[in-house]
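Scroll down for the structure; my scribbles are underneath it.
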Amino acid sequence: MIRAYGPAIVLIAAAALVPFAITANTVLNFIVFALIIALAAQGWNVLGGLAGQFSFGHAAFFGSGAYTTALLQTHWGVNAWVAFALSILLAGAVGWIIGFLSFRSGLRGSYFALVTLAFAEVLRILANASTFTGGAAGTLVKLDMGPANFQFASRAAFVWIALALVGFVLIATIAIMRSRFGAWLTAVRENEDAARALGVDTLAVKLKAITLSAAITGAAGALYVQYYLYLDASIAYGPWISIEALVAPIVGGIGTAFGPILGAAALHGFGELTKLFAGGIPGIDLVLYGLLLIATIAFAPDGIMGLLKRLASVFDRRRTR
Amino acid sequence: MLAPDIILAAVLNGLMTGSIYALVALGLTLVYGVLHIINFAHGATLTAAMFAAYVAQTALGIDPYLALLPVTLLFFVLGYAVQRFVIGPASHGEDRNILLVTLGLSIVIENAMLAIFRSDTRSIDVPYAFESIDLGFTFLAVPRVAAFGVALIVALLLGFLLRATDTGRAIRAVAREKTGAALAGIDVPHIYAVTFGLGAASVAIAACLLMPTFYVTPRAGNAFVLVAFTIVVLGGMGSIPGALLGALFIGVVESLCGLFLGESLGQIGIFLIFILVLLVKPTGLFGARA
């Protein structure tokens, strides 16, 4: 138990201490944003990393979570915490529907990637055209500071909430990986036909994975709205978040519990540093982002986690020699 | 009800938009047919080629139609080199990695364009931009008619190249069975790179035909490529006639949806077709296998 969950608990506890040491708003802003991306990426990792189904449209879930929380509050005055919970449920439902439609048709590989991309685009166009969502002008959530409204004057509070969510999903991911369901996911990832031949209900396993995955990424979307209090169609359903959710686990270590978190931290840490040194040039941080993705695939196919493992084994060999 | 004239005009316009889509889709379907992956850098390549045509006109004073040949050759060489020296080695022969490397490339190219040209919308001035042909009930813009003609010629040439030349036969052999092709003495990495080069060349042609009437921003290519995905799936991944017919069809659908639903929803029809085709018949109308 301690071997399995210890590192996760230590990491989260250590991260929770950061707001005591650092109070600069820019740094805390960065941490919250990176944690939101990490959460979205953790969601992607359940489907893409554990079940091997590469989605290029996780924006569909991020945006559905985000819009649910924003619209429930602005149109019906639902309490922010209740809206947050409902948005996770709704994003999960959207995941189940998209999964049901595409997995039942047997879509895999490039085809699955494309259909998820198309669903996200349809939702983006609809959200951009509808007056209910505020259209292209977007939706503002009313500023009303107070813990009851899920709005905090202190950024540290958001760091802790985001960290709690990321930590919860981290531990849940480790638990899934150690469970029978986790073994089924691995079987589906490694060889779906063989898994089915052995009696694994692959459709049910994949549906469960996409529903969980969508719910987690939806939570990231809802958290985004609660933090920035603004949403429009290109933030909610734009390709940027689909890419973020996919690249972070790949750079961090696909299919590992820590991968999405390490990836999000590394990518955005690098991004911030580049902006610091080459601030005036737009897009330069994203050029680096893309190069980092290519370099990871070329030189470290198992991501940062793979590098760490390789480093640890070298260290071990030295010690035992 | 709308007058038949207006609908006919919308259909003609759709066909001409469709011809540009066809060029973009041809490149995509060719690469898919051979490498069995979606090239996510296709849109960024289109954007880069549009900027190349833009620079040729503004800095060197070369008309986009004259720049067509050199830009196309340049992009063939670039496409060849990128596949041979970046995508190939970086992906270790795994399909999924190729997908991700092209995604990484698209991020790099798009943002490099942003860093160089900033996010301004740019267009070029050519004397013939507003010339049109009077059909009695509607006007057809000359640059769009030219694009339509060139797109058809390019599709025919590409078909000829695949059918009747040794390189074309090698491409088809690799597409069908790469291990067997390698055993028969075909240099598979070379053929991969040639295919990629042809894909880049076809979007370069599309870019030069687009520039007289269209604008370019660092993200201009993306809109075309999302549509091209639809076309490629609709026509059957890897099928050249499928891409051509699918593109013309989608061009008309977009034009009619825009007419009936309004501009902002014009593309909804495309994506709904896309999802329907994927869910019901993922092999498309002309595709052999999923």
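Labels used: A, B, ... for chains in the order of the structure tokens, numbers from 1 for residues in each chain, and numbers from 1 for ligands as shown.
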Q.
Give me the residues near A:Asp285 as an MDAnalysis selection string, where near means some atom within 10 Å (using only C-alpha atoms) and where sequence neighbours in that chain fewer than 4 positions away do not count.
A. (chainID A and resid 267:268 270:279 281 289:291) or (chainID B and resid 108 111:112 115)
Q: Identify every residue of chain B that has at least one atom within 7 Å of any atom of chain A, counting only C-alpha atoms, and report the result as an NGL selection string.
A: :B and (37-38 or 90-91 or 97 or 101 or 104-105 or 107-108 or 111-112 or 114-115 or 264 or 268 or 271 or 275 or 278-280)
Could the residues in this selection be written to a file with N, CA and C atoms, as a PDB file, in the first residue's frame?
ATOM      1  N   ILE B  37      -1.744   7.103 -41.862  1.00  0.00           N
ATOM      2  CA  ILE B  37      -1.959   8.017 -40.733  1.00  0.00           C
ATOM      3  C   ILE B  37      -2.550   9.315 -41.265  1.00  0.00           C
ATOM      4  N   ILE B  38      -3.179  10.028 -40.347  1.00  0.00           N
ATOM      5  CA  ILE B  38      -3.665  11.356 -40.656  1.00  0.00           C
ATOM      6  C   ILE B  38      -2.500  12.307 -40.480  1.00  0.00           C
ATOM      7  N   ALA B  90      11.916  10.130 -36.225  1.00  0.00           N
ATOM      8  CA  ALA B  90      11.383  10.425 -34.895  1.00  0.00           C
ATOM      9  C   ALA B  90      10.292   9.440 -34.492  1.00  0.00           C
ATOM     10  N   SER B  91       9.642   8.792 -35.477  1.00  0.00           N
ATOM     11  CA  SER B  91       8.463   8.007 -35.096  1.00  0.00           C
ATOM     12  C   SER B  91       8.765   6.528 -34.888  1.00  0.00           C
ATOM     13  N   ASN B  97       2.965   7.224 -33.371  1.00  0.00           N
ATOM     14  CA  ASN B  97       3.989   8.257 -33.220  1.00  0.00           C
ATOM     15  C   ASN B  97       3.996   9.215 -34.402  1.00  0.00           C
ATOM     16  N   VAL B 101       3.906  13.153 -34.123  1.00  0.00           N
ATOM     17  CA  VAL B 101       4.966  14.009 -34.654  1.00  0.00           C
ATOM     18  C   VAL B 101       4.358  15.041 -35.610  1.00  0.00           C
ATOM     19  N   GLY B 104       2.907  17.684 -33.540  1.00  0.00           N
ATOM     20  CA  GLY B 104       3.965  18.563 -33.036  1.00  0.00           C
ATOM     21  C   GLY B 104       4.442  19.520 -34.114  1.00  0.00           C
ATOM     22  N   LEU B 105       4.618  19.000 -35.334  1.00  0.00           N
ATOM     23  CA  LEU B 105       5.056  19.843 -36.447  1.00  0.00           C
ATOM     24  C   LEU B 105       4.046  20.959 -36.712  1.00  0.00           C
ATOM     25  N   ILE B 107       2.049  22.375 -34.636  1.00  0.00           N
ATOM     26  CA  ILE B 107       2.162  23.403 -33.592  1.00  0.00           C
ATOM     27  C   ILE B 107       3.381  24.280 -33.873  1.00  0.00           C
ATOM     28  N   VAL B 108       4.494  23.647 -34.240  1.00  0.00           N
ATOM     29  CA  VAL B 108       5.731  24.395 -34.489  1.00  0.00           C
ATOM     30  C   VAL B 108       5.545  25.339 -35.687  1.00  0.00           C
ATOM     31  N   ASN B 111       3.013  28.286 -35.075  1.00  0.00           N
ATOM     32  CA  ASN B 111       3.480  29.334 -34.176  1.00  0.00           C
ATOM     33  C   ASN B 111       4.738  30.028 -34.674  1.00  0.00           C
ATOM     34  N   ALA B 112       5.520  29.335 -35.505  1.00  0.00           N
ATOM     35  CA  ALA B 112       6.646  30.008 -36.147  1.00  0.00           C
ATOM     36  C   ALA B 112       6.103  31.080 -37.096  1.00  0.00           C
ATOM     37  N   LEU B 114       3.299  32.586 -36.680  1.00  0.00           N
ATOM     38  CA  LEU B 114       2.791  33.638 -35.792  1.00  0.00           C
ATOM     39  C   LEU B 114       3.936  34.536 -35.335  1.00  0.00           C
ATOM     40  N   ALA B 115       5.083  33.920 -34.999  1.00  0.00           N
ATOM     41  CA  ALA B 115       6.227  34.699 -34.531  1.00  0.00           C
ATOM     42  C   ALA B 115       6.772  35.592 -35.651  1.00  0.00           C
ATOM     43  N   SER B 264     -22.843  31.541 -40.172  1.00  0.00           N
ATOM     44  CA  SER B 264     -22.154  31.011 -38.999  1.00  0.00           C
ATOM     45  C   SER B 264     -22.390  29.507 -38.849  1.00  0.00           C
ATOM     46  N   ILE B 268     -21.668  23.521 -40.132  1.00  0.00           N
ATOM     47  CA  ILE B 268     -22.304  22.478 -39.319  1.00  0.00           C
ATOM     48  C   ILE B 268     -22.641  21.268 -40.177  1.00  0.00           C
ATOM     49  N   PHE B 271     -19.716  18.932 -40.713  1.00  0.00           N
ATOM     50  CA  PHE B 271     -19.303  18.081 -39.598  1.00  0.00           C
ATOM     51  C   PHE B 271     -20.332  17.022 -39.279  1.00  0.00           C
ATOM     52  N   ILE B 275     -19.497  13.113 -39.067  1.00  0.00           N
ATOM     53  CA  ILE B 275     -19.763  12.199 -37.955  1.00  0.00           C
ATOM     54  C   ILE B 275     -20.630  11.042 -38.432  1.00  0.00           C
ATOM     55  N   LEU B 278     -18.578   8.615 -40.466  1.00  0.00           N
ATOM     56  CA  LEU B 278     -17.674   7.863 -39.595  1.00  0.00           C
ATOM     57  C   LEU B 278     -18.424   6.792 -38.823  1.00  0.00           C
ATOM     58  N   LEU B 279     -19.629   7.143 -38.358  1.00  0.00           N
ATOM     59  CA  LEU B 279     -20.356   6.207 -37.512  1.00  0.00           C
ATOM     60  C   LEU B 279     -21.019   5.113 -38.328  1.00  0.00           C
ATOM     61  N   VAL B 280     -21.488   5.461 -39.532  1.00  0.00           N
ATOM     62  CA  VAL B 280     -22.281   4.498 -40.291  1.00  0.00           C
ATOM     63  C   VAL B 280     -21.425   3.708 -41.278  1.00  0.00           C
TER      64      VAL B 280
END
Q) Of the candidates B:Asn222, B:Asn39, B:Ser255, B:Thr213, which shows the shortest atom-to-atom distance to B:Leu15, using only C-alpha atoms? A)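 Smallest separation from B:Leu15 among the options: B:Ser255.
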So that I can check the surroundings of stretch 233-239 of chain B, please list as a PDB file with C-alpha atoms, in the first residue's frame every protein, DNA and RNA residue that reaches within 7 Å of it, counting only C-alpha atoms and ignoring chain neighbours fewer than 2 positions away.
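Result went into part-v4.pdb, see below:
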ATOM      1  CA  THR B  29      -5.725  11.142 -48.828  1.00  0.00           C
ATOM      2  CA  LEU B  30      -2.491  10.310 -50.651  1.00  0.00           C
ATOM      3  CA  TYR B  32      -3.184   8.440 -45.617  1.00  0.00           C
ATOM      4  CA  GLY B  33      -3.285   5.822 -48.356  1.00  0.00           C
ATOM      5  CA  PHE B 229     -10.673  15.423 -43.099  1.00  0.00           C
ATOM      6  CA  THR B 230     -14.387  15.150 -43.781  1.00  0.00           C
ATOM      7  CA  ILE B 231     -13.836  14.836 -47.509  1.00  0.00           C
ATOM      8  CA  PRO B 241     -11.481   9.911 -57.130  1.00  0.00           C
ATOM      9  CA  GLY B 242     -13.206   9.753 -53.748  1.00  0.00           C
ATOM     10  CA  ALA B 243     -11.347  12.852 -52.572  1.00  0.00           C
ATOM     11  CA  GLY B 246     -16.187  14.220 -52.023  1.00  0.00           C
ATOM     12  CA  PHE B 274     -18.494  13.743 -41.182  1.00  0.00           C
ATOM     13  CA  VAL B 277     -20.160   8.825 -42.302  1.00  0.00           C
ATOM     14  CA  PRO B 282     -16.208   4.603 -41.953  1.00  0.00           C
ATOM     15  CA  THR B 283     -14.786   3.152 -45.156  1.00  0.00           C
ATOM     16  CA  GLY B 284     -16.443   5.986 -47.067  1.00  0.00           C
ATOM     17  CA  LEU B 285     -17.971   5.831 -50.503  1.00  0.00           C
ATOM     18  CA  PHE B 286     -14.857   4.652 -52.346  1.00  0.00           C
ATOM     19  CA  GLY B 287     -12.683   3.234 -49.566  1.00  0.00           C
TER      20      GLY B 287
END
**Q.** Shell around stretch 64-66 of chain B at 7 Å using only C-alpha atoms, local window under 3 positions removed, as a ChimeraX atom specification
**A.** /B:53,57,69,208-209,211
Q | Close residues, stretch 211-223 of chain A itself excluded, 6 Å, only C-alpha atoms, min 3 positions apart in chain, as number ranges by chain | A | A: 36, 39-40, 43-44, 46-47, 61-63, 65-66, 69, 88, 91-92, 95-96, 208, 226
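For the choices A:Asn149, A:Ala51, A:Asp316, A:Leu35, the atom-to-atom distance to A:Trp81 is smallest for A:Asn149 when using only C-alpha atoms.
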Q. If we count only C-alpha atoms, what is near stretch 196-201 of chain B at a cut-off of 6 Å, once residues fewer than 3 positions away on the same chain are taken out, given as a ChimeraX atom specification?
A. /B:27,72,75-76,79-80,193,204
Take the residues from that selection and put them in a file with N, CA and C atoms, as a PDB file, in the first residue's frame.
ATOM      1  N   GLY B  27      -3.925  15.737 -51.162  1.00  0.00           N
ATOM      2  CA  GLY B  27      -2.676  15.557 -50.440  1.00  0.00           C
ATOM      3  C   GLY B  27      -2.865  14.703 -49.206  1.00  0.00           C
ATOM      4  N   THR B  72       5.430  25.191 -55.555  1.00  0.00           N
ATOM      5  CA  THR B  72       5.071  23.775 -55.514  1.00  0.00           C
ATOM      6  C   THR B  72       6.316  22.899 -55.434  1.00  0.00           C
ATOM      7  N   PHE B  75       7.836  23.159 -51.989  1.00  0.00           N
ATOM      8  CA  PHE B  75       7.118  22.409 -50.963  1.00  0.00           C
ATOM      9  C   PHE B  75       7.248  20.905 -51.156  1.00  0.00           C
ATOM     10  N   PHE B  76       7.424  20.494 -52.415  1.00  0.00           N
ATOM     11  CA  PHE B  76       7.689  19.074 -52.618  1.00  0.00           C
ATOM     12  C   PHE B  76       8.988  18.694 -51.907  1.00  0.00           C
ATOM     13  N   GLY B  79       8.549  18.870 -48.107  1.00  0.00           N
ATOM     14  CA  GLY B  79       7.760  17.731 -47.634  1.00  0.00           C
ATOM     15  C   GLY B  79       8.595  16.465 -47.632  1.00  0.00           C
ATOM     16  N   TYR B  80       9.363  16.285 -48.716  1.00  0.00           N
ATOM     17  CA  TYR B  80      10.234  15.116 -48.809  1.00  0.00           C
ATOM     18  C   TYR B  80      11.209  15.099 -47.629  1.00  0.00           C
ATOM     19  N   ALA B 193       8.695   9.371 -48.331  1.00  0.00           N
ATOM     20  CA  ALA B 193       9.065  10.778 -48.422  1.00  0.00           C
ATOM     21  C   ALA B 193       8.509  11.395 -49.702  1.00  0.00           C
ATOM     22  N   ALA B 204       0.485  23.250 -51.709  1.00  0.00           N
ATOM     23  CA  ALA B 204       1.164  24.445 -52.211  1.00  0.00           C
ATOM     24  C   ALA B 204       0.403  24.993 -53.425  1.00  0.00           C
TER      25      ALA B 204
END
Q. Could you write out, as a VMD selection string, all the residues of stretch 135-174 of chain B that DSSP marks as helix (DSSP H, G or I)?
A. chain B and resid 142 to 164 166 to 174
Q: Report the distance between atom CA of B:Asp187 and atom CA of B:Phe85 in Å, rounded to one decimal place.
A: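 Separating atom CA of B:Asp187 from atom CA of B:Phe85 is a distance of 15.0 Å.
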Q: State, in Å with one decimal place, the distance from atom CA of A:Phe100 to atom CA of A:Leu203.
A: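 Atom CA of A:Phe100 sits 8.4 Å away from atom CA of A:Leu203.
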